[in-house]
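*Asks:* File name coords.cif; file contents mmCIF, C-alpha atoms; full text below.
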```
data_entry
loop_
_atom_site.group_PDB
_atom_site.id
_atom_site.type_symbol
_atom_site.label_atom_id
_atom_site.label_comp_id
_atom_site.auth_asym_id
_atom_site.auth_seq_id
_atom_site.Cartn_x
_atom_site.Cartn_y
_atom_site.Cartn_z
ATOM 1 C CA MET A 91 56.149 17.437 -65.854
ATOM 2 C CA PHE A 92 57.760 20.619 -64.599
ATOM 3 C CA CYS A 93 56.428 23.093 -62.046
ATOM 4 C CA LYS A 94 55.294 26.319 -63.702
ATOM 5 C CA HIS A 95 56.433 28.316 -60.662
ATOM 6 C CA CYS A 96 59.870 26.969 -59.725
ATOM 7 C CA GLY A 97 60.707 24.950 -62.876
ATOM 8 C CA LYS A 98 61.723 21.769 -61.056
ATOM 9 C CA GLU A 99 60.645 18.360 -62.288
ATOM 10 C CA ILE A 100 57.656 16.881 -60.449
ATOM 11 C CA ASP A 101 55.452 13.808 -60.738
ATOM 12 C CA ASP A 102 52.833 13.955 -63.526
ATOM 13 C CA LYS A 103 50.059 13.171 -61.023
ATOM 14 C CA ALA A 104 51.131 15.875 -58.567
ATOM 15 C CA ILE A 105 48.557 18.439 -57.514
ATOM 16 C CA VAL A 106 50.979 20.560 -55.475
ATOM 17 C CA CYS A 107 54.684 21.064 -56.215
ATOM 18 C CA PRO A 108 56.686 19.359 -53.433
ATOM 19 C CA HIS A 109 59.499 21.899 -53.867
ATOM 20 C CA CYS A 110 57.713 25.262 -53.748
ATOM 21 C CA GLY A 111 54.187 24.300 -52.582
ATOM 22 C CA VAL A 112 52.339 25.937 -55.499
ATOM 23 C CA GLN A 113 49.211 24.198 -56.813
ATOM 24 C CA VAL A 114 49.994 22.808 -60.278
ATOM 25 C CA ALA A 115 46.736 20.968 -61.020
ATOM 26 C CA LYS A 116 43.099 21.221 -60.071
ATOM 27 C CA LEU A 117 41.893 19.187 -57.142
ATOM 28 C CA PRO A 118 39.666 16.292 -58.133
ATOM 29 C CA SER A 119 36.053 17.091 -57.405
ATOM 30 C CA GLN A 120 34.572 14.955 -54.647
ATOM 31 C CA GLU A 121 31.044 16.271 -55.103
ATOM 32 C CA SER A 122 28.638 14.137 -57.018
ATOM 33 C CA LYS A 123 25.368 15.616 -58.112
ATOM 34 C CA THR A 124 22.193 13.644 -57.694
ATOM 35 C CA ASN A 125 20.382 12.957 -60.927
ATOM 36 C CA VAL A 126 16.857 13.605 -59.687
ATOM 37 C CA LEU A 127 15.216 13.104 -63.084
ATOM 38 C CA ALA A 128 16.716 9.618 -63.388
ATOM 39 C CA ILE A 129 15.223 8.694 -60.009
ATOM 40 C CA ILE A 130 11.841 10.240 -60.857
ATOM 41 C CA GLY A 131 11.860 8.544 -64.264
ATOM 42 C CA PHE A 132 12.559 5.160 -62.696
ATOM 43 C CA ILE A 133 9.769 5.529 -60.117
ATOM 44 C CA PHE A 134 7.182 6.842 -62.582
ATOM 45 C CA SER A 135 8.021 4.105 -65.085
ATOM 46 C CA PHE A 136 6.025 1.682 -62.904
ATOM 47 C CA PHE A 137 2.953 3.885 -62.432
ATOM 48 C CA ILE A 138 2.719 6.365 -65.331
ATOM 49 C CA PRO A 139 4.987 4.973 -68.072
ATOM 50 C CA ILE A 140 4.859 7.976 -70.422
ATOM 51 C CA VAL A 141 6.009 10.325 -67.633
ATOM 52 C CA GLY A 142 8.649 7.798 -66.625
ATOM 53 C CA LEU A 143 9.848 7.574 -70.219
ATOM 54 C CA ILE A 144 10.182 11.347 -70.601
ATOM 55 C CA CYS A 145 11.921 11.823 -67.248
ATOM 56 C CA SER A 146 14.243 8.876 -67.916
ATOM 57 C CA ILE A 147 15.266 10.287 -71.300
ATOM 58 C CA ILE A 148 16.061 13.664 -69.759
ATOM 59 C CA GLY A 149 17.751 11.993 -66.777
ATOM 60 C CA ARG A 150 19.914 9.924 -69.101
ATOM 61 C CA LYS A 151 21.018 13.073 -70.940
ATOM 62 C CA ASN A 152 21.761 14.781 -67.611
ATOM 63 C CA ALA A 153 23.856 11.831 -66.408
ATOM 64 C CA ALA A 154 26.952 13.272 -68.076
ATOM 65 C CA GLU A 155 26.573 16.511 -66.096
ATOM 66 C CA CYS A 156 26.195 14.517 -62.884
ATOM 67 C CA GLY A 157 29.386 12.562 -63.412
ATOM 68 C CA GLY A 158 27.575 9.531 -64.795
ATOM 69 C CA ASN A 159 25.385 9.422 -61.728
ATOM 70 C CA GLY A 160 21.985 7.907 -62.497
ATOM 71 C CA HIS A 161 22.822 6.607 -65.978
ATOM 72 C CA GLY A 162 21.871 3.032 -65.100
ATOM 73 C CA LEU A 163 18.758 4.102 -63.244
ATOM 74 C CA ALA A 164 17.599 6.210 -66.198
ATOM 75 C CA THR A 165 18.260 3.310 -68.567
ATOM 76 C CA ALA A 166 16.228 0.986 -66.349
ATOM 77 C CA GLY A 167 13.430 3.571 -66.302
ATOM 78 C CA LEU A 168 13.476 3.682 -70.107
ATOM 79 C CA VAL A 169 13.276 -0.087 -70.442
ATOM 80 C CA ILE A 170 10.529 -0.485 -67.846
ATOM 81 C CA SER A 171 8.474 2.370 -69.329
ATOM 82 C CA ILE A 172 8.689 0.918 -72.816
ATOM 83 C CA LEU A 173 7.764 -2.564 -71.574
ATOM 84 C CA TRP A 174 4.722 -1.251 -69.670
ATOM 85 C CA MET A 175 3.539 0.725 -72.691
ATOM 86 C CA VAL A 176 3.938 -2.265 -75.013
ATOM 87 C CA LEU A 177 2.073 -4.478 -72.525
ATOM 88 C CA GLY A 178 -0.669 -1.846 -72.279
ATOM 89 C CA VAL A 179 -1.096 -1.705 -76.047
ATOM 90 C CA LEU A 180 -1.182 -5.516 -76.256
ATOM 91 C CA LEU A 181 -3.793 -5.624 -73.487
ATOM 92 C CA VAL A 182 -5.982 -3.114 -75.327
ATOM 93 C CA ILE A 183 -5.694 -5.144 -78.542
ATOM 94 C CA ILE A 184 -6.549 -8.408 -76.779
ATOM 95 C CA VAL A 185 -9.529 -6.899 -74.970
ATOM 96 C CA SER A 186 -10.774 -5.281 -78.190
ATOM 97 C CA CYS A 187 -10.526 -8.557 -80.094
ATOM 98 C CA ALA A 188 -12.266 -10.441 -77.287
ATOM 99 C CA ALA A 189 -15.071 -7.879 -77.135
ATOM 100 C CA ALA A 190 -15.505 -8.000 -80.912
ATOM 101 C CA ALA A 191 -15.723 -11.789 -80.836
ATOM 102 C CA LEU A 192 -18.610 -11.702 -78.412
#
```
Rewrite the coordinates I just gave you, this time as structure tokens.

*Replies:*
Amino acid sequence: MFCKHCGKEIDDKAIVCPHCGVQVAKLPSQESKTNVLAIIGFIFSFFIPIVGLICSIIGRKNAAECGGNGHGLATAGLVISILWMVLGVLLVIIVSCAAAAL
């Protein structure tokens, strides 16, 4: 790669030209955003699964904006929410069948 200011050849990974000192590339961002919805979705997935499911879906979509931060947590929230809802439906069916048998 060549410096746009002085025209000398520089390393492709260079951020500043070593010859003239001009910035040739953007500095890598060190900030990482916290994916709050992924965290909320994970927590709510244990207590109120439908809220956890919704927050986890939104948190998973927002993970790309947060640099991938919270993607795994949102996925775990999705899985846990779905499992709790399936278990809840099965429990209702079992209780209904047991009550009908009596």

*Asks:* Running the PyMOL selection byres ((chain A and resi 169-171) around 6) on this model by hand, what would come out? Give it as number ranges by chain.

*Replies:* A: 135, 139, 143, 166-168, 172-174

*Asks:* Report the distance between atom CA of A:Phe137 and atom CA of A:Ala164 in Å, rounded to one decimal place.

*Replies:*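 Between atom CA of A:Phe137 and atom CA of A:Ala164 the gap is 15.3 Å.
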
*Asks:* Please compute the atom CA of A:Leu163-atom CA of A:Ala128 distance, one decimal, in Å.

*Replies:*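 So the two atoms, atom CA of A:Leu163 and atom CA of A:Ala128, lie 5.9 Å apart.
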
*Asks:* Could you check how far atom CA of A:Leu181 sits from atom CA of A:Ile130, in Å to one decimal?

*Replies:* 25.6 Å

*Asks:* Pull out every residue that the PyMOL selection byres ((chain A and resi 94) around 12) matches in the shown coordinates and put them as a PDB file with C-alpha atoms, in the frame of the given file.

*Replies:*
```pdb
ATOM      1  CA  MET A  91      56.149  17.437 -65.854  1.00  0.00           C
ATOM      2  CA  PHE A  92      57.760  20.619 -64.599  1.00  0.00           C
ATOM      3  CA  CYS A  93      56.428  23.093 -62.046  1.00  0.00           C
ATOM      4  CA  HIS A  95      56.433  28.316 -60.662  1.00  0.00           C
ATOM      5  CA  CYS A  96      59.870  26.969 -59.725  1.00  0.00           C
ATOM      6  CA  GLY A  97      60.707  24.950 -62.876  1.00  0.00           C
ATOM      7  CA  LYS A  98      61.723  21.769 -61.056  1.00  0.00           C
ATOM      8  CA  GLU A  99      60.645  18.360 -62.288  1.00  0.00           C
ATOM      9  CA  ILE A 100      57.656  16.881 -60.449  1.00  0.00           C
ATOM     10  CA  VAL A 106      50.979  20.560 -55.475  1.00  0.00           C
ATOM     11  CA  CYS A 107      54.684  21.064 -56.215  1.00  0.00           C
ATOM     12  CA  HIS A 109      59.499  21.899 -53.867  1.00  0.00           C
ATOM     13  CA  CYS A 110      57.713  25.262 -53.748  1.00  0.00           C
ATOM     14  CA  GLY A 111      54.187  24.300 -52.582  1.00  0.00           C
ATOM     15  CA  VAL A 112      52.339  25.937 -55.499  1.00  0.00           C
ATOM     16  CA  GLN A 113      49.211  24.198 -56.813  1.00  0.00           C
ATOM     17  CA  VAL A 114      49.994  22.808 -60.278  1.00  0.00           C
ATOM     18  CA  ALA A 115      46.736  20.968 -61.020  1.00  0.00           C
TER      19      ALA A 115
END
```

*Asks:* Quick one: which residues end up in the PyMOL selection byres ((chain A and resi 157) around 10) for this structure, as a ChimeraX atom specification?

*Replies:* /A:121-125,152-156,158-161

*Asks:* For A:Gly178, which residue among A:Ala104, A:Leu117, A:Ile140, A:Ile129 is the nearest when counting all atoms listed in the file?

*Replies:*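 Looking only at the distances to A:Gly178, the closest residue turns out to be A:Ile140.
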
*Asks:* Taking only C-alpha atoms into account, which of A:Leu192, A:Val126, A:Val141, A:Ile105 comes nearest A:Met175?

*Replies:*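 Comparing A:Leu192, A:Val126, A:Val141, A:Ile105 against A:Met175, the winner is A:Val141.
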
*Asks:* Give the padded box for stretch 95-102 of chain A as AutoDock Vina command-line options: axis-aligned, covering all atoms listed in the file, 6 Å on each side, centre and edge lengths in Å to one decimal.

*Replies:*
```
--center_x 57.3 --center_y 21.1 --center_z -61.6 --size_x 20.9 --size_y 26.5 --size_z 15.8
```

*Asks:* Could you give me, as a PyMOL selection string, the residues within 9 Å of A:Thr165, counting all atoms listed in the file and dropping anything in the same chain fewer than 6 positions from it?

*Replies:* chain A and resi 128+132+146-147+149-150
